[in-house]
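Student: Structure in structure tokens, see below.
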Amino acid sequence: MNVQDGNSGLIQLPPESEALHRSIAKKAAEVLGKLVDGNGMKAEQIKLSREETQIHRIPAFIAAKLTTEVVKTRVRGKAAQGVEVSSAAEVATSAEDLATKMLKDADIHRLINDSLKNDPGHGFGMDQLIITLPALRKDFSIVSPCPRCHGQTSVPCMQCNATGNMPCTACAGNGFSNCKWCHGMGRVPNQQGAYIPCLHCQNTGRISCQICRGQRYLACTACRGQKSVGCMECGQKGFFTEVHQVNYKAQCAFEADWREVPPEVKSAAHKLGLRELATEKHAEILWQSPEARPDAIYIPCIAFLPIAKAEFSAPEGKIYPALVAGLQGRIIEIEPVLDQYVKPGISALMKLSKGPMARQALIDTACKYRLIRQVLAGLTRSSKKIVYQRLCKNYPLMLSDKYARATIKYADSAVATLSDGPRYKGLALGTLLAALAAAVYFMTSLRLVLLAQLTPQYILAADIIVWILSWTGAVYVIKFITASSLRKILPVDKGGLPSSGLQGLAAGLTTGLVWFAVAARAAEKPEWIVHILKLVNL
């Protein structure tokens with residue numbers, strides 16, 4: 001939504017939105033009431049006694065810089081794509097010139113703006129966003145002669161040194177060979193032993209080479225007498241085309257202008273989170289139309305952030321000054337409200353952790369408080385660290401850190417005290433079940449069947465696995481019995497199991513002992529038992 005005041009030239013908050021901004025203190029009172037309800041107070045006991053609300057402007061903008069990414073491909077021949085240029089430097093210059101023109105293109109502005117709208121906060125408060133713009137791709141081509149043949153498609157034949165012929169190998173380039181009848185003498189003996197002229201070589205002693213016909217040279221087999229061969233580097237194309245595919249991206253960065261924003265407003269905005277101002281709708285953000293500048297496309301906006309100084313009254317006339325920020329009525333500064341109200345519940349937890357005296361009365365006192373019930377329920381299925389983090393998140397600023405940690409500490413001790421008895425019962429039952437499992441394994445034919453199929457080292461591993469499974473089962477029994485017992489005395493819903501505590505570790509020892517004892521009593525004792533018993537007897 002773009003709203004602009006024709007007189008001041010500034011974005012103005014729409015009149016219909018002002019009432020919503022002015023009501024954040026009332027909304028905070030409702031939120032506060034829900035947090036304290038069931039924690040020593042009722043929601044309706046929280047009253048808004050004073051408020052002073054101001055709507056602050058936070059100027060900001062998104063700068064979208066166009067960047068290029070060049071992908072080069074090289075092909076043989078003249079195959080220009082896009083714009084033909086003479087050098088890589090000209091490609092860079094042309095790409096930059098196009099980017100400068102694109103900054104002023106309304107279609108590009110709209111394309112970037114539409115992409116930003118897909119972001120949950122329309123880009124407000126983001127770290128960085130890169131938008132690919134495939135529609136803006138530009139191709140440039142550099143056509144250049146082949147560096148080897150210089151555009152001639154052929155190069156001098158290296159085999160014949162560009163002469164087109166090679167010495168005849170049959171006559172070694174002489175054009176003739178010695179006559180084989182007269183052996184180069186030009187005469188042969190007759191029947192009477194006298195020498196007469198050789199008729200084959202006509203008394204010369206030489207015979208013309210039948211291969212080169214006396215020419216001494218033959219056409220070069222490589223170039224076939226053409227003195228040149230096709231250029232292999234360019235594939236006889238004579239040229240190369242280097243295609244530069246220029247892809248454009250918009251590199252968007254957000255920046256708030258704090259120069260004229262009061263420090264307390266900046267602090268409040270950061271407490272809420274700049275990103276959350278938009279994504280959680282703490283501020284009303286109005287955007288202006290994109291504008292082109294020499295270096296980037298700027299998309300200005302104004303975030304209207306309401307901040308209220310409020311006072312809330314609690315029972316007994318206690319006044320709690322608070323600072324409220326954002327359209328959701330988030331309280332960002334307030335004295336811890338619940339400390340004094342949940343203190344009796346924390347005291348009950350502390351006493352409960354020390355012993356069983358007046359157990360039910362102490363549980364009833366502690367569980368009157370909603371947050372203590374939530375903590376107790378959480379500790380039956382999660383660690384203290386997780387429950388503490390959840391408590392701080394569910395009751396922000398309502399409890400001081402001292403009281404929050406005390407609640408977790410004494411609630412954990414109380415749960416441990418209440419679960420000690422059930423854990424020992426689980427340990428006893430789990431150990432008994434482990435003994436039964438060991439008896440079934442060692443004193444029946446089950447182990448003998450395995451022994452017939454496995455080597456000695458594997459049967460030992462099977463024996464140990466039986467103990468580990470027994471231990472695991474005992475731990476589960478401890479957790480199950482403890483959970484069942486806690487559900488009877490605490491407001492704990494079904495789901496999840498508490499820790500087995502030290503009894504879980506003890507189960508490892510007790511199940512190991514019964515496992516060893518049953519193995520030692522078996523009719524067919526394991527070899528490792530026999531070996532141990534021999535060492536003991538020695």
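Chain identifiers are assigned as A, B, and so on, following the order in which chains appear in the structure tokens; residues are numbered from 1 within each chain, and ligands are numbered from 1 in order of appearance.
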Fewer than 5 positions away in the same chain doesn't count, so skip those; otherwise give me all residues within 12 Å of region 76-85 of chain A, counting only C-alpha atoms, as JSON, numbers by chain.

Tutor: {"A": [90, 91, 92, 93, 94, 95, 137, 138, 139, 140, 141, 142, 143, 144, 145, 146, 151, 152, 153, 231, 232, 233, 234, 235, 236, 237, 238, 239, 240, 241, 242, 243, 244, 245, 246]}

Student: With N, CA, C and O atoms retained, export the selected residues as a short mmCIF file (atom, residue, chain, number, x, y, z; two decimals), in the first residue's frame.

Tutor:
```cif
data_model
loop_
_atom_site.label_atom_id
_atom_site.label_comp_id
_atom_site.auth_asym_id
_atom_site.auth_seq_id
_atom_site.Cartn_x
_atom_site.Cartn_y
_atom_site.Cartn_z
N GLU A 90 34.78 -4.92 -23.84
CA GLU A 90 33.56 -4.33 -24.39
C GLU A 90 32.32 -5.04 -23.86
O GLU A 90 31.27 -4.41 -23.65
N VAL A 91 32.43 -6.35 -23.61
CA VAL A 91 31.31 -7.09 -23.00
C VAL A 91 31.01 -6.50 -21.63
O VAL A 91 29.85 -6.24 -21.28
N ALA A 92 32.07 -6.32 -20.81
CA ALA A 92 31.88 -5.78 -19.46
C ALA A 92 31.27 -4.39 -19.51
O ALA A 92 30.34 -4.07 -18.75
N THR A 93 31.76 -3.55 -20.41
CA THR A 93 31.24 -2.19 -20.54
C THR A 93 29.78 -2.20 -20.98
O THR A 93 28.94 -1.47 -20.43
N SER A 94 29.46 -3.04 -21.96
CA SER A 94 28.09 -3.11 -22.45
C SER A 94 27.14 -3.64 -21.38
O SER A 94 26.02 -3.15 -21.24
N ALA A 95 27.60 -4.65 -20.61
CA ALA A 95 26.77 -5.22 -19.55
C ALA A 95 26.48 -4.18 -18.48
O ALA A 95 25.36 -4.08 -17.96
N ARG A 137 18.45 -11.76 -19.14
CA ARG A 137 19.67 -12.34 -19.70
C ARG A 137 20.02 -11.70 -21.05
O ARG A 137 19.15 -11.48 -21.90
N LYS A 138 21.31 -11.40 -21.20
CA LYS A 138 21.81 -10.83 -22.46
C LYS A 138 23.00 -11.65 -22.94
O LYS A 138 23.83 -12.08 -22.14
N ASP A 139 23.06 -11.84 -24.27
CA ASP A 139 24.17 -12.58 -24.86
C ASP A 139 25.05 -11.64 -25.69
O ASP A 139 24.55 -10.79 -26.43
N PHE A 140 26.34 -11.81 -25.52
CA PHE A 140 27.33 -11.07 -26.32
C PHE A 140 28.26 -12.09 -26.96
O PHE A 140 28.59 -13.12 -26.36
N SER A 141 28.74 -11.79 -28.18
CA SER A 141 29.62 -12.72 -28.88
C SER A 141 30.86 -12.00 -29.38
O SER A 141 30.78 -10.85 -29.86
N ILE A 142 31.98 -12.68 -29.25
CA ILE A 142 33.25 -12.18 -29.79
C ILE A 142 33.72 -13.19 -30.83
O ILE A 142 34.05 -14.33 -30.51
N VAL A 143 33.72 -12.78 -32.11
CA VAL A 143 34.18 -13.64 -33.20
C VAL A 143 35.62 -13.26 -33.52
O VAL A 143 35.92 -12.10 -33.83
N SER A 144 36.52 -14.23 -33.44
CA SER A 144 37.94 -13.94 -33.67
C SER A 144 38.55 -15.03 -34.54
O SER A 144 38.12 -16.19 -34.51
N PRO A 145 39.57 -14.66 -35.38
CA PRO A 145 40.22 -15.66 -36.23
C PRO A 145 40.92 -16.71 -35.38
O PRO A 145 41.36 -16.45 -34.26
N CYS A 146 41.03 -17.88 -35.96
CA CYS A 146 41.75 -18.95 -35.28
C CYS A 146 43.21 -18.52 -35.11
O CYS A 146 43.85 -18.08 -36.08
N GLY A 151 42.31 -17.62 -39.72
CA GLY A 151 41.12 -17.49 -40.55
C GLY A 151 41.21 -18.15 -41.90
O GLY A 151 40.26 -18.07 -42.69
N GLN A 152 42.33 -18.83 -42.22
CA GLN A 152 42.52 -19.43 -43.54
C GLN A 152 41.97 -20.85 -43.64
O GLN A 152 41.96 -21.44 -44.72
N THR A 153 41.53 -21.40 -42.54
CA THR A 153 40.98 -22.76 -42.41
C THR A 153 42.02 -23.85 -42.63
O THR A 153 41.72 -25.02 -42.40
N CYS A 231 43.08 -27.03 -40.77
CA CYS A 231 43.43 -26.67 -39.38
C CYS A 231 42.58 -27.49 -38.41
O CYS A 231 41.35 -27.44 -38.45
N MET A 232 43.26 -28.27 -37.58
CA MET A 232 42.55 -29.12 -36.64
C MET A 232 42.03 -28.34 -35.43
O MET A 232 41.06 -28.74 -34.79
N GLU A 233 42.69 -27.23 -35.10
CA GLU A 233 42.29 -26.48 -33.89
C GLU A 233 40.90 -25.88 -34.03
O GLU A 233 40.09 -25.92 -33.12
N CYS A 234 40.60 -25.32 -35.20
CA CYS A 234 39.30 -24.70 -35.40
C CYS A 234 38.36 -25.58 -36.20
O CYS A 234 37.25 -25.15 -36.57
N GLY A 235 38.81 -26.82 -36.51
CA GLY A 235 37.96 -27.71 -37.29
C GLY A 235 37.72 -27.20 -38.70
O GLY A 235 36.64 -27.41 -39.25
N GLN A 236 38.72 -26.49 -39.26
CA GLN A 236 38.66 -25.92 -40.60
C GLN A 236 37.55 -24.88 -40.74
O GLN A 236 37.06 -24.62 -41.83
N LYS A 237 37.19 -24.28 -39.58
CA LYS A 237 36.19 -23.21 -39.62
C LYS A 237 36.85 -21.84 -39.81
O LYS A 237 36.23 -20.90 -40.31
N GLY A 238 38.08 -21.71 -39.37
CA GLY A 238 38.81 -20.46 -39.55
C GLY A 238 38.57 -19.45 -38.45
O GLY A 238 39.36 -18.53 -38.27
N PHE A 239 37.48 -19.62 -37.67
CA PHE A 239 37.15 -18.64 -36.63
C PHE A 239 36.63 -19.36 -35.38
O PHE A 239 36.18 -20.51 -35.44
N PHE A 240 36.70 -18.62 -34.28
CA PHE A 240 36.08 -19.06 -33.02
C PHE A 240 35.06 -18.00 -32.60
O PHE A 240 35.27 -16.80 -32.81
N THR A 241 33.97 -18.47 -31.97
CA THR A 241 32.99 -17.55 -31.40
C THR A 241 32.92 -17.80 -29.90
O THR A 241 32.63 -18.91 -29.46
N GLU A 242 33.23 -16.77 -29.14
CA GLU A 242 33.16 -16.85 -27.68
C GLU A 242 31.88 -16.14 -27.23
O GLU A 242 31.75 -14.93 -27.39
N VAL A 243 30.93 -16.94 -26.72
CA VAL A 243 29.63 -16.40 -26.31
C VAL A 243 29.68 -16.08 -24.82
O VAL A 243 30.00 -16.95 -23.99
N HIS A 244 29.39 -14.84 -24.47
CA HIS A 244 29.32 -14.40 -23.07
C HIS A 244 27.84 -14.26 -22.70
O HIS A 244 27.16 -13.34 -23.16
N GLN A 245 27.38 -15.19 -21.88
CA GLN A 245 25.98 -15.14 -21.43
C GLN A 245 25.95 -14.36 -20.11
O GLN A 245 26.45 -14.82 -19.09
N VAL A 246 25.38 -13.18 -20.15
CA VAL A 246 25.35 -12.30 -18.98
C VAL A 246 24.00 -12.45 -18.28
O VAL A 246 22.96 -12.15 -18.84
#
```

Student: DSSP on the backbone: what in region 367-437 of chain A comes out helix (DSSP H, G or I), as a PyMOL selection string?

Tutor: chain A and resi 370-379+384-394+401-437

Student: Write a file of the selected residues as a tab-separated table (two decimals), in the first residue's frame, keeping C-alpha atoms.

Tutor:
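Contents of the output file result-v3.tsv:
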```tsv
chain	number	residue	atom	x	y	z
A	370	ARG	CA	-0.90	-22.42	36.84
A	371	LEU	CA	2.76	-21.88	36.03
A	372	ILE	CA	3.82	-24.28	38.81
A	373	ARG	CA	1.46	-26.92	37.44
A	374	GLN	CA	3.04	-26.43	34.02
A	375	VAL	CA	6.55	-26.72	35.47
A	376	LEU	CA	5.71	-29.91	37.38
A	377	ALA	CA	4.14	-31.43	34.28
A	378	GLY	CA	7.15	-30.44	32.18
A	379	LEU	CA	9.67	-31.94	34.60
A	384	LYS	CA	15.26	-28.80	33.76
A	385	LYS	CA	16.94	-26.73	31.05
A	386	ILE	CA	14.11	-27.23	28.58
A	387	VAL	CA	11.44	-26.52	31.23
A	388	TYR	CA	13.28	-23.33	32.29
A	389	GLN	CA	13.46	-22.10	28.68
A	390	ARG	CA	9.76	-22.84	28.22
A	391	LEU	CA	8.88	-21.01	31.44
A	392	CYS	CA	10.78	-17.89	30.36
A	393	LYS	CA	9.13	-18.00	26.93
A	394	ASN	CA	5.58	-18.48	28.27
A	401	ASP	CA	15.28	-14.92	36.93
A	402	LYS	CA	15.76	-15.63	40.64
A	403	TYR	CA	12.16	-16.79	41.06
A	404	ALA	CA	12.15	-18.68	37.74
A	405	ARG	CA	15.24	-20.67	38.73
A	406	ALA	CA	13.88	-21.26	42.24
A	407	THR	CA	10.64	-22.60	40.75
A	408	ILE	CA	12.55	-25.05	38.56
A	409	LYS	CA	14.93	-26.08	41.35
A	410	TYR	CA	12.32	-26.83	44.02
A	411	ALA	CA	9.84	-28.33	41.56
A	412	ASP	CA	12.53	-30.73	40.37
A	413	SER	CA	13.41	-31.64	43.97
A	414	ALA	CA	9.73	-32.14	44.78
A	415	VAL	CA	9.23	-34.43	41.77
A	416	ALA	CA	12.32	-36.40	42.79
A	417	THR	CA	11.00	-36.79	46.37
A	418	LEU	CA	7.53	-37.81	45.21
A	419	SER	CA	8.94	-40.31	42.74
A	420	ASP	CA	11.52	-42.00	44.98
A	421	GLY	CA	9.09	-44.62	46.27
A	422	PRO	CA	7.64	-45.48	42.85
A	423	ARG	CA	11.12	-45.68	41.37
A	424	TYR	CA	12.22	-48.25	43.98
A	425	LYS	CA	9.05	-50.25	43.31
A	426	GLY	CA	9.87	-50.13	39.61
A	427	LEU	CA	13.45	-51.23	40.37
A	428	ALA	CA	12.23	-54.25	42.32
A	429	LEU	CA	9.69	-55.26	39.69
A	430	GLY	CA	12.14	-54.64	36.84
A	431	THR	CA	14.79	-56.79	38.56
A	432	LEU	CA	12.26	-59.58	39.08
A	433	LEU	CA	11.28	-59.49	35.41
A	434	ALA	CA	14.98	-59.52	34.48
A	435	ALA	CA	15.44	-62.66	36.61
A	436	LEU	CA	12.54	-64.35	34.82
A	437	ALA	CA	13.98	-63.42	31.42
```

Student: Between A:Ile196, A:Ile307, A:Ala250, A:Leu32, which has the minimum distance to His282 (chain A) (counting only C-alpha atoms)?

Tutor: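 The shortest atom-to-atom distance to His282 (chain A) comes from A:Ile307.
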
Student: Nearest to Val466 (chain A) among A:Val440, A:Leu454, A:Leu218, A:Val324, with distances taken over only C-alpha atoms: which residue is it?

Tutor: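 Smallest separation from Val466 (chain A) among the options: A:Val440.
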
Student: Just the number, please: distance in Å from CA of Cys201 (chain A) to CA of Lys180 (chain A), one decimal.

Tutor: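 The value is 9.3 Å.
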
Student: Would you please extract all strand (DSSP E) residues from region 22-87 of chain A, as assigned by DSSP on the backbone, and give them as a PyMOL selection string?

Tutor: chain A and resi 47-76+83-85

Student: Show which residues sit within 10 Å of region 259-263 of chain A, as an NGL selection string. Count only C-alpha atoms, and ignore same-chain residues fewer than 6 positions away.

Tutor: :A and (56-59 or 269)

Student: Keeping only N, CA, C and O atoms, write those residues as an mmCIF file, in the first residue's frame.

Tutor:
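File written: part.cif
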```
data_model
loop_
_atom_site.group_PDB
_atom_site.id
_atom_site.type_symbol
_atom_site.label_atom_id
_atom_site.label_comp_id
_atom_site.auth_asym_id
_atom_site.auth_seq_id
_atom_site.Cartn_x
_atom_site.Cartn_y
_atom_site.Cartn_z
ATOM 1 N N HIS A 56 5.606 6.196 16.390
ATOM 2 C CA HIS A 56 6.915 6.630 15.900
ATOM 3 C C HIS A 56 7.155 6.109 14.486
ATOM 4 O O HIS A 56 6.675 5.039 14.106
ATOM 5 N N ARG A 57 7.897 6.883 13.741
ATOM 6 C CA ARG A 57 8.237 6.552 12.348
ATOM 7 C C ARG A 57 9.681 6.043 12.289
ATOM 8 O O ARG A 57 10.586 6.676 12.826
ATOM 9 N N ILE A 58 9.852 4.928 11.634
ATOM 10 C CA ILE A 58 11.196 4.390 11.403
ATOM 11 C C ILE A 58 11.401 4.313 9.882
ATOM 12 O O ILE A 58 10.866 3.415 9.220
ATOM 13 N N PRO A 59 12.145 5.282 9.314
ATOM 14 C CA PRO A 59 12.410 5.220 7.864
ATOM 15 C C PRO A 59 13.354 4.060 7.543
ATOM 16 O O PRO A 59 14.255 3.735 8.321
ATOM 17 N N ALA A 269 12.513 -1.249 19.125
ATOM 18 C CA ALA A 269 12.435 -1.975 17.851
ATOM 19 C C ALA A 269 13.345 -3.195 17.857
ATOM 20 O O ALA A 269 12.977 -4.270 17.373
#
```

Student: List the spatial neighbours of Arg50 (chain A) as a list in words - criterion: any atom at most 8 Å away, only C-alpha atoms, same-chain residues fewer than 5 positions off excluded.

Tutor: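 After dropping sequence-adjacent residues, the list is Ala310, Glu311 and Phe312 of chain A.
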
Student: For Asn174 (chain A), which of A:Tyr217, A:Tyr320, A:Phe254, A:Tyr195 is the closest residue, counting only C-alpha atoms?

Tutor: A:Tyr217
